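S.K.: One structure is given below, represented as structure tokens, and several questions about it will come after.
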Amino acid sequence: MKASLSVLPTTPAAPHATVHPLWLRVTHWINALSVVIMIASGWRIYNASPIFPFVFPKEWTLGGWLGGALQWHFAAMWLLAINGVIYLLLNLLTGRAQRKFFPLHPKEILHDFVQALKGKLQHASLDHYNAVQKLAYLSVIADLVLIVISGLAVWKSVQLPLLRDLMGGFDNARIVHFFAMTFLVLFIVVHIVMVALVPRTLLAMLRGR
């Protein structure tokens, strides 16, 4: 599900060159599975005590009832947290994070964003991320961290008072958790659209090349 657009003319990778190593593909798909489970079960939990004057359609939720949704949510939470730590550590230890996401400059972000609006970003290489992509991926990583932290503040509000207070209290922690989830859903929607526009990025995430 890695979709990328490149504004600079680059030489396409060799047909059998590895674009995404095995560890990246495995952690990526585990993250994707855990996130989908957490969102669907989270919507069911939200419906049991809505923050805003609306609820999500029952067909979009997972768990069937509040207790079942909580079980799915907690199971996926541990899967996401453990797998996410492995993903981050391997990115840092292999140097991939530095190569893929940095350097990142505001002027580059603005330039690539304008080019994207004009429809002039060309996709020439799967192993190159433009500035907008770098910002998007770094933002969603930070968002996932915020989801975990705010979720802990809601789940263990009494046991973790400092974390609860950092979120502005229990009720505010729920709001932060909700909007962090909303950002993640929007990212997924855009991500899927980009994959549909450049389907060979899906093949690269499945086969590695």
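Chain labels follow the order of the structure tokens: the first chain is A, the next B, and so on; residue numbering restarts at 1 in every chain, and ligands are counted from 1 in their shown order.
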Hey, what's within 10 Å of Ala81 in chain A if we count only C-alpha atoms and toss same-chain stuff fewer than 5 positions away? As number ranges by chain, please?

M.R.: A: 31, 34, 76, 86-87, 144-145, 148

S.K.: Quick one: everything within 10 Å of Ala32 in chain A, counting only C-alpha atoms, minus sequence neighbours fewer than 4 positions away in the same chain. Send it as a list of chain:residue names.

M.R.: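 Answer for this query is A:Met1, A:Val26, A:Thr27, A:His28, A:Val36, A:Ile37, A:Met38, A:Leu80, A:Ile188.
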
S.K.: Using only C-alpha atoms, which protein or nucleic acid residues come within 9 Å of range 72-75 of chain A? Drop anything in the same chain fewer than 6 positions from it, and give the result as a list in words.

M.R.: Ser34, Ile37, Met38, Ile39, Ala40, Ser41, Gly42, Ile45, Leu62 and Gly63 of chain A

S.K.: For the residues selected in the previous step, produce a file with N, CA and C atoms as a PDB file, in the first residue's frame.

M.R.:
ATOM      1  N   SER A  34      -3.982  -4.484  12.033  1.00  0.00           N
ATOM      2  CA  SER A  34      -4.298  -4.041  13.393  1.00  0.00           C
ATOM      3  C   SER A  34      -5.030  -2.704  13.387  1.00  0.00           C
ATOM      4  N   ILE A  37      -8.727  -3.255  12.393  1.00  0.00           N
ATOM      5  CA  ILE A  37      -9.460  -3.832  13.531  1.00  0.00           C
ATOM      6  C   ILE A  37      -9.721  -2.774  14.599  1.00  0.00           C
ATOM      7  N   MET A  38      -8.708  -1.950  14.885  1.00  0.00           N
ATOM      8  CA  MET A  38      -8.874  -0.931  15.914  1.00  0.00           C
ATOM      9  C   MET A  38      -9.898   0.121  15.518  1.00  0.00           C
ATOM     10  N   ILE A  39      -9.902   0.508  14.264  1.00  0.00           N
ATOM     11  CA  ILE A  39     -10.870   1.512  13.812  1.00  0.00           C
ATOM     12  C   ILE A  39     -12.290   0.967  13.889  1.00  0.00           C
ATOM     13  N   ALA A  40     -12.509  -0.234  13.342  1.00  0.00           N
ATOM     14  CA  ALA A  40     -13.861  -0.803  13.324  1.00  0.00           C
ATOM     15  C   ALA A  40     -14.377  -1.076  14.734  1.00  0.00           C
ATOM     16  N   SER A  41     -13.525  -1.629  15.592  1.00  0.00           N
ATOM     17  CA  SER A  41     -13.955  -1.888  16.969  1.00  0.00           C
ATOM     18  C   SER A  41     -14.082  -0.579  17.755  1.00  0.00           C
ATOM     19  N   GLY A  42     -13.212   0.385  17.443  1.00  0.00           N
ATOM     20  CA  GLY A  42     -13.287   1.686  18.102  1.00  0.00           C
ATOM     21  C   GLY A  42     -14.580   2.411  17.798  1.00  0.00           C
ATOM     22  N   ILE A  45     -17.155   0.983  20.063  1.00  0.00           N
ATOM     23  CA  ILE A  45     -16.975   1.514  21.420  1.00  0.00           C
ATOM     24  C   ILE A  45     -17.499   2.941  21.498  1.00  0.00           C
ATOM     25  N   LEU A  62     -17.094  -3.418  14.501  1.00  0.00           N
ATOM     26  CA  LEU A  62     -16.648  -4.777  14.791  1.00  0.00           C
ATOM     27  C   LEU A  62     -16.838  -5.074  16.272  1.00  0.00           C
ATOM     28  N   GLY A  63     -17.306  -6.259  16.566  1.00  0.00           N
ATOM     29  CA  GLY A  63     -17.450  -6.667  17.965  1.00  0.00           C
ATOM     30  C   GLY A  63     -18.854  -7.068  18.336  1.00  0.00           C
TER      31      GLY A  63
END

S.K.: Closest to Leu146 in chain A among A:Arg164, A:His177, A:His111, A:Lys118, using only C-alpha atoms?

M.R.: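 So, comparing all the options, the nearest one is A:His177.
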
S.K.: Extract, using only C-alpha atoms, all DNA, RNA and protein residues at most 7 Å from range 93-108 of chain A, discarding same-chain residues fewer than 2 positions from it, and format them as a tab-separated table (two decimals) with N, CA, C and O atoms, in the first residue's frame.

M.R.:
chain	number	residue	atom	x	y	z
A	89	LEU	N	12.10	0.49	15.17
A	89	LEU	CA	13.47	0.10	15.47
A	89	LEU	C	14.22	-0.36	14.22
A	89	LEU	O	15.37	0.04	14.00
A	90	LEU	N	13.57	-1.17	13.40
A	90	LEU	CA	14.23	-1.65	12.19
A	90	LEU	C	14.48	-0.51	11.20
A	90	LEU	O	15.50	-0.48	10.51
A	91	ASN	N	13.56	0.44	11.13
A	91	ASN	CA	13.77	1.60	10.26
A	91	ASN	C	14.97	2.41	10.72
A	91	ASN	O	15.76	2.90	9.90
A	110	LEU	N	6.21	22.56	0.03
A	110	LEU	CA	5.34	23.50	-0.69
A	110	LEU	C	5.46	23.28	-2.19
A	110	LEU	O	4.45	23.25	-2.90
A	111	HIS	N	6.69	23.12	-2.68
A	111	HIS	CA	6.91	22.92	-4.11
A	111	HIS	C	6.21	21.67	-4.61
A	111	HIS	O	5.49	21.68	-5.62
A	112	ASP	N	6.41	20.54	-3.91
A	112	ASP	CA	5.81	19.28	-4.35
A	112	ASP	C	4.29	19.29	-4.21
A	112	ASP	O	3.59	18.69	-5.02
A	129	TYR	N	10.68	8.88	-2.30
A	129	TYR	CA	9.53	9.60	-1.75
A	129	TYR	C	9.73	11.10	-1.97
A	129	TYR	O	10.81	11.63	-1.70
A	131	ALA	N	8.63	15.14	-1.11
A	131	ALA	CA	8.53	15.82	0.18
A	131	ALA	C	7.15	15.68	0.81
A	131	ALA	O	7.02	15.54	2.03
A	134	LYS	N	6.94	12.24	2.32
A	134	LYS	CA	7.73	12.16	3.55
A	134	LYS	C	6.96	12.75	4.72
A	134	LYS	O	6.90	12.16	5.81

S.K.: What does the distance from CA of Asn130 in chain A to CA of Leu184 in chain A come to in Å, to one decimal?

M.R.: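 Atom-to-atom, CA of Asn130 in chain A and CA of Leu184 in chain A are spaced 20.1 Å apart.
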
S.K.: From the list A:Val132, A:Met205, A:Ala173, A:Ala48, which residue is nearest His20 in chain A when using only C-alpha atoms?

M.R.: A:Met205

S.K.: Pick the closest to Gly68 in chain A from A:Arg44, A:Leu24, A:Val185, A:Val190: which is it, counting only C-alpha atoms?

M.R.: A:Arg44

S.K.: Which one of A:Pro50, A:Trp43, A:Val195, A:Gly168 sits closest to Ala69 in chain A if you count only C-alpha atoms?

M.R.: A:Trp43
